[in-house]
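Text of the file coords-v6.pdb, holding PDB, C-alpha atoms and all ligand atoms:
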```pdb
ATOM      1  CA  MET B   4      -8.491  14.291  -4.416
ATOM      2  CA  LYS B   5      -8.665  10.565  -5.234
ATOM      3  CA  ILE B   6      -5.223   9.016  -5.256
ATOM      4  CA  ILE B   7      -3.916   5.492  -5.862
ATOM      5  CA  MET B   8      -0.449   4.422  -4.797
ATOM      6  CA  LEU B   9       1.223   1.883  -7.099
ATOM      7  CA  GLY B  10       4.555   0.181  -6.580
ATOM      8  CA  ALA B  11       6.248  -3.067  -5.635
ATOM      9  CA  PRO B  12       6.028  -4.453  -2.099
ATOM     10  CA  GLY B  13       8.309  -2.293   0.016
ATOM     11  CA  ALA B  14       8.509   0.553  -2.516
ATOM     12  CA  GLY B  15       7.290   2.969   0.156
ATOM     13  CA  LYS B  16       3.596   3.224  -0.723
ATOM     14  CA  GLY B  17       2.515   3.127   2.918
ATOM     15  CA  THR B  18       5.229   5.531   4.056
ATOM     16  CA  GLN B  19       4.230   8.118   1.447
ATOM     17  CA  ALA B  20       0.478   7.502   1.690
ATOM     18  CA  LYS B  21       0.489   8.358   5.409
ATOM     19  CA  GLN B  22       2.169  11.700   4.719
ATOM     20  CA  ILE B  23      -0.150  12.492   1.814
ATOM     21  CA  ALA B  24      -3.180  11.716   3.986
ATOM     22  CA  SER B  25      -1.915  14.011   6.699
ATOM     23  CA  LYS B  26      -0.982  16.922   4.399
ATOM     24  CA  TYR B  27      -4.198  16.870   2.378
ATOM     25  CA  ASP B  28      -6.421  15.804   5.293
ATOM     26  CA  ILE B  29      -7.900  12.763   3.565
ATOM     27  CA  PRO B  30      -8.155   9.151   4.796
ATOM     28  CA  HIS B  31      -5.309   6.687   4.153
ATOM     29  CA  ILE B  32      -6.871   3.373   3.166
ATOM     30  CA  SER B  33      -4.435   0.453   3.177
ATOM     31  CA  THR B  34      -5.930  -2.927   2.317
ATOM     32  CA  GLY B  35      -2.873  -4.640   3.830
ATOM     33  CA  ASP B  36      -3.461  -2.774   7.126
ATOM     34  CA  ILE B  37      -7.167  -3.684   7.031
ATOM     35  CA  PHE B  38      -6.310  -7.373   6.574
ATOM     36  CA  ARG B  39      -3.641  -7.283   9.297
ATOM     37  CA  ALA B  40      -6.104  -5.681  11.737
ATOM     38  CA  ASN B  41      -8.624  -8.421  10.889
ATOM     39  CA  ILE B  42      -5.990 -11.122  11.443
ATOM     40  CA  LYS B  43      -5.108  -9.603  14.789
ATOM     41  CA  ASN B  44      -8.768  -9.531  15.816
ATOM     42  CA  GLY B  45      -9.328 -13.115  14.625
ATOM     43  CA  THR B  46     -12.189 -12.255  12.254
ATOM     44  CA  GLU B  47     -13.359 -14.627   9.538
ATOM     45  CA  LEU B  48     -12.011 -12.251   6.872
ATOM     46  CA  GLY B  49      -8.669 -12.150   8.675
ATOM     47  CA  MET B  50      -8.417 -15.926   8.866
ATOM     48  CA  LYS B  51      -9.191 -16.276   5.164
ATOM     49  CA  ALA B  52      -6.749 -13.512   4.166
ATOM     50  CA  LYS B  53      -3.928 -14.892   6.303
ATOM     51  CA  THR B  54      -3.675 -18.127   4.327
ATOM     52  CA  TYR B  55      -2.837 -16.109   1.209
ATOM     53  CA  MET B  56      -0.770 -13.351   2.804
ATOM     54  CA  ASP B  57       1.596 -15.702   4.613
ATOM     55  CA  LYS B  58       2.536 -17.243   1.261
ATOM     56  CA  GLY B  59       2.965 -13.868  -0.413
ATOM     57  CA  LEU B  60      -0.076 -14.491  -2.623
ATOM     58  CA  LEU B  61      -2.826 -11.999  -3.337
ATOM     59  CA  VAL B  62      -6.072 -12.341  -1.433
ATOM     60  CA  PRO B  63      -8.824 -13.187  -3.982
ATOM     61  CA  ASP B  64     -10.490 -10.180  -5.626
ATOM     62  CA  GLU B  65     -13.907 -11.085  -4.201
ATOM     63  CA  LEU B  66     -12.619 -10.668  -0.632
ATOM     64  CA  VAL B  67     -11.227  -7.198  -1.255
ATOM     65  CA  VAL B  68     -13.307  -5.368  -3.880
ATOM     66  CA  ASP B  69     -16.560  -4.897  -1.920
ATOM     67  CA  LEU B  70     -14.615  -3.951   1.170
ATOM     68  CA  VAL B  71     -12.876  -1.081  -0.634
ATOM     69  CA  VAL B  72     -15.923   0.008  -2.638
ATOM     70  CA  ASP B  73     -17.878   0.319   0.644
ATOM     71  CA  ARG B  74     -15.005   2.076   2.396
ATOM     72  CA  VAL B  75     -14.617   4.795  -0.265
ATOM     73  CA  ALA B  76     -18.369   5.455  -0.153
ATOM     74  CA  ALA B  77     -18.095   6.455   3.540
ATOM     75  CA  LYS B  78     -18.695  10.056   4.588
ATOM     76  CA  ASP B  79     -15.054  10.772   5.479
ATOM     77  CA  CYS B  80     -14.073  10.012   1.858
ATOM     78  CA  GLU B  81     -16.127  12.883   0.404
ATOM     79  CA  LYS B  82     -13.033  15.065  -0.088
ATOM     80  CA  GLY B  83     -11.042  12.138  -1.452
ATOM     81  CA  TYR B  84      -8.661   9.479  -0.148
ATOM     82  CA  VAL B  85      -5.352   7.808  -0.767
ATOM     83  CA  LEU B  86      -5.607   4.095  -1.584
ATOM     84  CA  ASP B  87      -2.521   2.076  -0.670
ATOM     85  CA  GLY B  88      -2.318  -1.521  -1.872
ATOM     86  CA  PHE B  89      -5.515  -1.381  -3.904
ATOM     87  CA  PRO B  90      -6.121  -1.963  -6.763
ATOM     88  CA  ARG B  91      -3.619  -4.763  -7.285
ATOM     89  CA  THR B  92      -5.130  -6.538 -10.288
ATOM     90  CA  ILE B  93      -6.834  -5.323 -13.455
ATOM     91  CA  PRO B  94     -10.239  -6.692 -12.297
ATOM     92  CA  GLN B  95      -9.863  -4.702  -9.034
ATOM     93  CA  ALA B  96      -9.072  -1.528 -10.992
ATOM     94  CA  GLU B  97     -12.042  -2.077 -13.293
ATOM     95  CA  ALA B  98     -14.356  -2.723 -10.329
ATOM     96  CA  LEU B  99     -13.222   0.496  -8.644
ATOM     97  CA  ASP B 100     -13.656   2.527 -11.830
ATOM     98  CA  ALA B 101     -17.130   1.069 -12.369
ATOM     99  CA  ALA B 102     -18.194   1.836  -8.782
ATOM    100  CA  LEU B 103     -16.914   5.426  -9.003
ATOM    101  CA  ALA B 104     -18.431   5.979 -12.457
ATOM    102  CA  LYS B 105     -21.901   5.315 -11.015
ATOM    103  CA  ASN B 106     -21.527   8.615  -9.138
ATOM    104  CA  GLY B 107     -19.759  10.391 -12.000
ATOM    105  CA  GLU B 108     -16.422  10.110 -10.178
ATOM    106  CA  ASN B 109     -12.986   8.854 -11.149
ATOM    107  CA  VAL B 110      -9.489   8.294  -9.798
ATOM    108  CA  GLU B 111      -7.431  11.467 -10.349
ATOM    109  CA  PHE B 112      -3.838  10.406  -9.676
ATOM    110  CA  ALA B 113      -2.108   7.011  -9.888
ATOM    111  CA  ILE B 114       1.318   7.511  -8.352
ATOM    112  CA  ASN B 115       3.854   4.798  -9.139
ATOM    113  CA  VAL B 116       6.675   4.656  -6.595
ATOM    114  CA  GLU B 117       9.472   3.113  -8.633
ATOM    115  CA  VAL B 118      12.107   0.996  -6.809
ATOM    116  CA  PRO B 119      14.190  -1.752  -8.481
ATOM    117  CA  ASP B 120      13.828  -5.310  -7.127
ATOM    118  CA  GLU B 121      17.438  -5.348  -5.828
ATOM    119  CA  ASN B 122      16.639  -2.678  -3.231
ATOM    120  CA  ILE B 123      13.425  -4.275  -2.071
ATOM    121  CA  VAL B 124      14.542  -7.372  -0.151
ATOM    122  CA  LYS B 125      17.003  -5.316   1.876
ATOM    123  CA  ARG B 126      14.363  -2.774   2.791
ATOM    124  CA  MET B 127      11.837  -5.361   3.855
ATOM    125  CA  SER B 128      14.051  -7.236   6.277
ATOM    126  CA  GLY B 129      14.682  -3.931   8.091
ATOM    127  CA  ARG B 130      11.058  -2.917   8.309
ATOM    128  CA  ARG B 131       9.254  -2.953  11.637
ATOM    129  CA  ALA B 132       5.525  -2.340  11.821
ATOM    130  CA  CYS B 133       3.089  -1.443  14.572
ATOM    131  CA  VAL B 134       0.012  -3.645  14.336
ATOM    132  CA  ALA B 135      -1.866  -1.353  16.723
ATOM    133  CA  CYS B 136      -1.662   1.929  14.749
ATOM    134  CA  GLY B 137      -0.074   0.975  11.402
ATOM    135  CA  ALA B 138       3.074   3.116  11.834
ATOM    136  CA  THR B 139       6.098   1.813   9.930
ATOM    137  CA  TYR B 140       9.786   2.057  10.811
ATOM    138  CA  HIS B 141      13.071   0.859   9.390
ATOM    139  CA  ILE B 142      15.846  -0.281  11.712
ATOM    140  CA  GLU B 143      18.414   1.760   9.736
ATOM    141  CA  HIS B 144      16.517   4.508   7.890
ATOM    142  CA  ILE B 145      13.781   5.418  10.401
ATOM    143  CA  PRO B 146      14.464   3.748  13.737
ATOM    144  CA  PRO B 147      11.925   4.186  16.537
ATOM    145  CA  LYS B 148      13.126   6.201  19.547
ATOM    146  CA  THR B 149      13.086   3.060  21.710
ATOM    147  CA  GLU B 150      13.984  -0.198  19.980
ATOM    148  CA  GLY B 151      10.947  -2.380  19.355
ATOM    149  CA  ILE B 152       8.400   0.203  20.582
ATOM    150  CA  CYS B 153       6.110   2.395  18.472
ATOM    151  CA  ASP B 154       6.813   6.146  18.894
ATOM    152  CA  THR B 155       3.172   6.990  18.190
ATOM    153  CA  CYS B 156       1.235   4.600  20.413
ATOM    154  CA  GLY B 157       3.810   2.846  22.612
ATOM    155  CA  LYS B 158       2.844  -0.649  21.446
ATOM    156  CA  GLU B 159       5.244  -3.384  20.322
ATOM    157  CA  LEU B 160       6.753  -3.378  16.814
ATOM    158  CA  ILE B 161       6.849  -6.569  14.769
ATOM    159  CA  LEU B 162       8.640  -7.974  11.735
ATOM    160  CA  ARG B 163       5.747  -8.843   9.442
ATOM    161  CA  ASP B 164       5.372 -12.590   8.755
ATOM    162  CA  ASP B 165       5.434 -11.883   5.027
ATOM    163  CA  ASP B 166       8.718  -9.898   5.198
ATOM    164  CA  LYS B 167      10.878 -13.020   5.346
ATOM    165  CA  PRO B 168      13.217 -12.993   2.315
ATOM    166  CA  GLU B 169      11.687 -16.052   0.572
ATOM    167  CA  THR B 170       8.161 -14.629   0.911
ATOM    168  CA  VAL B 171       9.340 -11.216  -0.299
ATOM    169  CA  LEU B 172      10.649 -12.834  -3.503
ATOM    170  CA  ASN B 173       7.253 -14.466  -3.971
ATOM    171  CA  ARG B 174       5.492 -11.147  -3.455
ATOM    172  CA  LEU B 175       7.788  -9.541  -6.023
ATOM    173  CA  ASN B 176       6.950 -12.216  -8.601
ATOM    174  CA  ILE B 177       3.250 -11.801  -7.975
ATOM    175  CA  TYR B 178       3.675  -8.031  -8.231
ATOM    176  CA  HIS B 179       5.316  -8.303 -11.660
ATOM    177  CA  GLU B 180       2.677 -10.733 -12.923
ATOM    178  CA  GLN B 181      -0.507  -9.246 -11.556
ATOM    179  CA  THR B 182       0.018  -5.674 -10.387
ATOM    180  CA  GLN B 183       2.565  -4.169 -12.777
ATOM    181  CA  PRO B 184       0.020  -4.273 -15.660
ATOM    182  CA  LEU B 185      -1.839  -1.522 -13.772
ATOM    183  CA  ILE B 186       0.926   0.893 -14.761
ATOM    184  CA  ASP B 187      -0.173   0.615 -18.400
ATOM    185  CA  TYR B 188      -3.828   0.653 -17.372
ATOM    186  CA  TYR B 189      -3.503   4.060 -15.665
ATOM    187  CA  ASN B 190      -1.035   5.374 -18.242
ATOM    188  CA  THR B 191      -3.651   4.777 -20.921
ATOM    189  CA  LYS B 192      -6.113   6.776 -18.829
ATOM    190  CA  GLY B 193      -3.601   9.623 -18.676
ATOM    191  CA  ILE B 194      -3.379   9.776 -14.863
ATOM    192  CA  LEU B 195      -0.133   7.868 -14.227
ATOM    193  CA  LYS B 196       2.631   9.787 -12.406
ATOM    194  CA  GLU B 197       6.039   8.235 -11.749
ATOM    195  CA  VAL B 198       8.271   9.069  -8.780
ATOM    196  CA  ASP B 199      11.745   7.764  -7.975
ATOM    197  CA  GLY B 200      11.281   5.730  -4.779
ATOM    198  CA  THR B 201      15.012   5.147  -4.278
ATOM    199  CA  LYS B 202      15.503   8.738  -3.092
ATOM    200  CA  ASP B 203      15.278   9.811   0.543
ATOM    201  CA  MET B 204      11.765   9.616   1.920
ATOM    202  CA  ALA B 205      11.480  13.411   2.196
ATOM    203  CA  ASP B 206      12.585  13.864  -1.444
ATOM    204  CA  VAL B 207      10.068  11.287  -2.625
ATOM    205  CA  PHE B 208       7.368  13.140  -0.714
ATOM    206  CA  ASN B 209       8.385  16.479  -2.263
ATOM    207  CA  GLU B 210       8.132  14.926  -5.730
ATOM    208  CA  ILE B 211       4.633  13.732  -4.910
ATOM    209  CA  VAL B 212       3.539  17.095  -3.536
ATOM    210  CA  ALA B 213       4.802  18.751  -6.735
ATOM    211  CA  ILE B 214       2.512  16.419  -8.684
ATOM    212  CA  LEU B 215      -0.554  16.807  -6.472
ATOM    213  CA  GLY B 216      -0.186  20.562  -6.129
TER     214      GLY B 216
HETATM  215  P1  LIG F 301       0.456  -4.722   1.737
HETATM  216  O1  LIG F 301       0.425  -4.468   3.177
HETATM  217  O2  LIG F 301      -0.154  -3.732   0.806
HETATM  218  O3  LIG F 301       1.967  -4.987   1.318
HETATM  219  P2  LIG F 301       2.810  -4.618  -0.002
HETATM  220  O4  LIG F 301       2.184  -4.082  -1.195
HETATM  221  O5  LIG F 301       3.557  -5.864  -0.235
HETATM  222  O6  LIG F 301       3.535  -3.401   0.387
HETATM  223  P3  LIG F 301       4.267  -3.122   1.683
HETATM  224  O7  LIG F 301       3.315  -2.646   2.719
HETATM  225  O8  LIG F 301       5.118  -4.327   2.011
HETATM  226  O9  LIG F 301       5.262  -1.990   1.215
HETATM  227  P4  LIG F 301       5.044  -0.419   1.059
HETATM  228  O10 LIG F 301       5.157  -0.077  -0.374
HETATM  229  O11 LIG F 301       3.829   0.034   1.793
HETATM  230  O12 LIG F 301       6.361   0.057   1.761
HETATM  231  P5  LIG F 301       6.618   0.787   3.166
HETATM  232  O13 LIG F 301       6.161   2.195   3.080
HETATM  233  O14 LIG F 301       6.126  -0.049   4.311
HETATM  234  O15 LIG F 301      -0.166  -6.136   1.432
HETATM  235  C1  LIG F 301       0.203  -7.287   2.172
HETATM  236  C2  LIG F 301      -0.536  -8.481   1.629
HETATM  237  O16 LIG F 301      -1.953  -8.298   1.776
HETATM  238  C3  LIG F 301      -0.349  -8.782   0.136
HETATM  239  O17 LIG F 301       0.810  -9.542  -0.102
HETATM  240  C4  LIG F 301      -1.636  -9.526  -0.170
HETATM  241  O18 LIG F 301      -1.559 -10.863   0.251
HETATM  242  C5  LIG F 301      -2.661  -8.833   0.683
HETATM  243  N1  LIG F 301      -3.340  -7.719  -0.027
HETATM  244  C6  LIG F 301      -3.321  -6.396   0.301
HETATM  245  N2  LIG F 301      -4.055  -5.664  -0.576
HETATM  246  C7  LIG F 301      -4.549  -6.548  -1.478
HETATM  247  C8  LIG F 301      -5.362  -6.418  -2.629
HETATM  248  N3  LIG F 301      -5.795  -5.220  -3.060
HETATM  249  N4  LIG F 301      -5.654  -7.532  -3.333
HETATM  250  C9  LIG F 301      -5.225  -8.748  -2.948
HETATM  251  N5  LIG F 301      -4.442  -8.955  -1.871
HETATM  252  C10 LIG F 301      -4.108  -7.863  -1.126
HETATM  253  O19 LIG F 301       8.212   0.784   3.139
HETATM  254  C11 LIG F 301       8.953  -0.429   3.228
HETATM  255  C12 LIG F 301      10.189  -0.231   4.127
HETATM  256  O20 LIG F 301      11.090   0.658   3.489
HETATM  257  C13 LIG F 301       9.851   0.417   5.484
HETATM  258  O21 LIG F 301      10.681  -0.114   6.481
HETATM  259  C14 LIG F 301      10.151   1.903   5.256
HETATM  260  O22 LIG F 301      10.497   2.527   6.455
HETATM  261  C15 LIG F 301      11.300   1.843   4.271
HETATM  262  N6  LIG F 301      11.293   2.962   3.323
HETATM  263  C16 LIG F 301      10.208   3.547   2.733
HETATM  264  N7  LIG F 301      10.585   4.537   1.891
HETATM  265  C17 LIG F 301      11.949   4.568   1.936
HETATM  266  C18 LIG F 301      12.951   5.367   1.270
HETATM  267  N8  LIG F 301      12.604   6.339   0.393
HETATM  268  N9  LIG F 301      14.252   5.110   1.543
HETATM  269  C19 LIG F 301      14.594   4.128   2.426
HETATM  270  N10 LIG F 301      13.705   3.339   3.091
HETATM  271  C20 LIG F 301      12.401   3.553   2.841
HETATM  272 MG    MG F 302       2.343  -0.934   2.964
END
```
Just give me the structure of the file as structure tokens.
Ligand code: AP5
Ligand code: MG
Amino acid sequence: MKIIMLGAPGAGKGTQAKQIASKYDIPHISTGDIFRANIKNGTELGMKAKTYMDKGLLVPDELVVDLVVDRVAAKDCEKGYVLDGFPRTIPQAEALDAALAKNGENVEFAINVEVPDENIVKRMSGRRACVACGATYHIEHIPPKTEGICDTCGKELILRDDDKPETVLNRLNIYHEQTQPLIDYYNTKGILKEVDGTKDMADVFNEIVAILG
């Protein structure tokens, strides 16, 4: 089961992808999480990525494509995977398709989590993330049991640097320019599925499960 999550920043791609990965027992691959882990560990990739991420810009395709193509070729991806935050540009989508086609494979579902821009900024300022394990919370909708502490691993929760309102607006603009065209790209391939991301998280997940079967 090879799944791509599409949607604006803050639409709930990560929230849903984690649940999909758990239900279908496939890896959740988030390029944003991979970059944040690299930033935290001070790697060269992390330092390069940070200069773009802090401004709300996309990291250049050449820094992300090989990383994902290698990751999906790993043994634990044999049964499939859920990609969250990749592809984000048409060249990334084409590179993924080309890499999969070499093995006679293809993406099976592109799930677009639809949330209007008005809802996004509000959601983002309430988000808290665990850099240690990638768990995500929302101070109103899904608060952690203890304020500021991750329920799963007990580490500290942070407000992401790129969740400041002015950076969120930048990310939204970039999304509309560079990532939204992927909706047509996957629609043309006949694998696009739309879900209403403004519903409760559990309802969104049920919609997705109905699609995936
Ligand atoms: P990335 O980490 O992928 O960020 P993003 O796409 O901007 O998406 P988010 O993670 O912000 O949102 P989400 O859709 O996962 O929402 P979430 O589930 O957390 O990328 C960060 C940066 O890395 C990019 O800007 C770019 O610079 C770089 N990058 C990454 N991949 C790249 C690539 N392929 N190419 C180039 N650059 C790349 O939910 C958001 C909040 O809402 C949470 O608090 C959550 O609890 C809450 N929430 C979720 N669902 C609901 C609901 N149904 N109702 C109410 N609240 C909800
Ligand atoms: Mg995310």
Check your understanding: When the cut-off is 8 Å and you count all atoms listed in the file, which residues lie near ligand MG 302 (chain F), shown as a PyMOL selection string?
Key -> chain B and resi 12-13+15-18+33+35-36+87-88
Review point. Could you work out how far CA of Ile42 in chain B lies from CA of Gly200 in chain B, giving the answer in Å with one decimal?
Key: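 Computed distance, CA of Gly200 in chain B to CA of Ile42 in chain B, equals 29.1 Å.
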Expected selection as a PDB file with C-alpha atoms, in the coordinates of the input for ligand LIG 301 (chain F) within 7 Å, all atoms listed in the file:
```
ATOM      1  CA  GLY B  10       4.555   0.181  -6.580  1.00  0.00           C
ATOM      2  CA  ALA B  11       6.248  -3.067  -5.635  1.00  0.00           C
ATOM      3  CA  PRO B  12       6.028  -4.453  -2.099  1.00  0.00           C
ATOM      4  CA  GLY B  13       8.309  -2.293   0.016  1.00  0.00           C
ATOM      5  CA  ALA B  14       8.509   0.553  -2.516  1.00  0.00           C
ATOM      6  CA  GLY B  15       7.290   2.969   0.156  1.00  0.00           C
ATOM      7  CA  LYS B  16       3.596   3.224  -0.723  1.00  0.00           C
ATOM      8  CA  GLY B  17       2.515   3.127   2.918  1.00  0.00           C
ATOM      9  CA  THR B  18       5.229   5.531   4.056  1.00  0.00           C
ATOM     10  CA  GLN B  19       4.230   8.118   1.447  1.00  0.00           C
ATOM     11  CA  SER B  33      -4.435   0.453   3.177  1.00  0.00           C
ATOM     12  CA  THR B  34      -5.930  -2.927   2.317  1.00  0.00           C
ATOM     13  CA  GLY B  35      -2.873  -4.640   3.830  1.00  0.00           C
ATOM     14  CA  ASP B  36      -3.461  -2.774   7.126  1.00  0.00           C
ATOM     15  CA  PHE B  38      -6.310  -7.373   6.574  1.00  0.00           C
ATOM     16  CA  TYR B  55      -2.837 -16.109   1.209  1.00  0.00           C
ATOM     17  CA  MET B  56      -0.770 -13.351   2.804  1.00  0.00           C
ATOM     18  CA  GLY B  59       2.965 -13.868  -0.413  1.00  0.00           C
ATOM     19  CA  LEU B  60      -0.076 -14.491  -2.623  1.00  0.00           C
ATOM     20  CA  LEU B  61      -2.826 -11.999  -3.337  1.00  0.00           C
ATOM     21  CA  VAL B  62      -6.072 -12.341  -1.433  1.00  0.00           C
ATOM     22  CA  PRO B  63      -8.824 -13.187  -3.982  1.00  0.00           C
ATOM     23  CA  ASP B  64     -10.490 -10.180  -5.626  1.00  0.00           C
ATOM     24  CA  VAL B  67     -11.227  -7.198  -1.255  1.00  0.00           C
ATOM     25  CA  ASP B  87      -2.521   2.076  -0.670  1.00  0.00           C
ATOM     26  CA  GLY B  88      -2.318  -1.521  -1.872  1.00  0.00           C
ATOM     27  CA  PHE B  89      -5.515  -1.381  -3.904  1.00  0.00           C
ATOM     28  CA  PRO B  90      -6.121  -1.963  -6.763  1.00  0.00           C
ATOM     29  CA  ARG B  91      -3.619  -4.763  -7.285  1.00  0.00           C
ATOM     30  CA  ARG B 126      14.363  -2.774   2.791  1.00  0.00           C
ATOM     31  CA  MET B 127      11.837  -5.361   3.855  1.00  0.00           C
ATOM     32  CA  GLY B 129      14.682  -3.931   8.091  1.00  0.00           C
ATOM     33  CA  ARG B 130      11.058  -2.917   8.309  1.00  0.00           C
ATOM     34  CA  ARG B 131       9.254  -2.953  11.637  1.00  0.00           C
ATOM     35  CA  THR B 139       6.098   1.813   9.930  1.00  0.00           C
ATOM     36  CA  TYR B 140       9.786   2.057  10.811  1.00  0.00           C
ATOM     37  CA  HIS B 141      13.071   0.859   9.390  1.00  0.00           C
ATOM     38  CA  HIS B 144      16.517   4.508   7.890  1.00  0.00           C
ATOM     39  CA  ILE B 145      13.781   5.418  10.401  1.00  0.00           C
ATOM     40  CA  ARG B 174       5.492 -11.147  -3.455  1.00  0.00           C
ATOM     41  CA  GLY B 200      11.281   5.730  -4.779  1.00  0.00           C
ATOM     42  CA  THR B 201      15.012   5.147  -4.278  1.00  0.00           C
ATOM     43  CA  LYS B 202      15.503   8.738  -3.092  1.00  0.00           C
ATOM     44  CA  ASP B 203      15.278   9.811   0.543  1.00  0.00           C
ATOM     45  CA  MET B 204      11.765   9.616   1.920  1.00  0.00           C
ATOM     46  CA  VAL B 207      10.068  11.287  -2.625  1.00  0.00           C
TER      47      VAL B 207
END
```
Check your understanding: From the list B:Ile142, B:Ala52, B:Ala101, B:Leu9, which residue is nearest Thr182 in chain B when using all atoms listed in the file?
Key -> B:Leu9
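Among the candidates B:Glu197, B:Asp187, B:Glu97, B:Glu169, the one nearest to Ile114 in chain B when counting all atoms listed in the file is B:Glu197.
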Point to revise | Sel. within 12 Å of pt (-11.5, 2.0, -10.0), counting all atoms listed in the file, output as an MDAnalysis selection string | key: chainID B and resid 5:7 68:69 71:72 75 86 89:105 107:113 185 188:189 192
Check your understanding: Taking all atoms listed in the file into account, which of B:Glu47, B:Asp120, B:Glu210, B:Glu143 comes nearest Val171 in chain B?
Key ->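 Among B:Glu47, B:Asp120, B:Glu210, B:Glu143, it is B:Asp120 that comes nearest to Val171 in chain B.
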Practice item. Fewer than 3 positions away in the same chain doesn't count, so skip those; otherwise give me all residues within 9 Å of Lys21 in chain B, counting all atoms listed in the file, as a list in words. Key: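 Skipping anything fewer than 3 positions along the chain leaves Lys16, Gly17, Thr18, Ala24, Ser25, Lys26, Pro30, His31, Val85 and Ala138 of chain B.
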**Study point:** Residue IDs satisfying the PyMOL selection byres (((chain B and resi 147-158) around 7) and not hetatm), as a PyMOL selection string
**Key:** chain B and resi 133+135-136+140+145-146+159-160
**Study point:** Nearby residues, (0.9, -10.0, 12.4) file frame, 8 Å, only C-alpha atoms, as number ranges by chain
**Key:** B: 39, 42-43, 134, 161, 163-164
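With distances taken over all atoms listed in the file, B:Glu117 is the one residue among B:Asn173, B:Glu117, B:Asp73, B:Lys125 lying closest to Met8 in chain B.
Each of B:Ala76, B:Val118, B:Ile214, B:Leu66 was compared to Asn106 in chain B using only C-alpha atoms, and B:Ala76 turns out to be the nearest.
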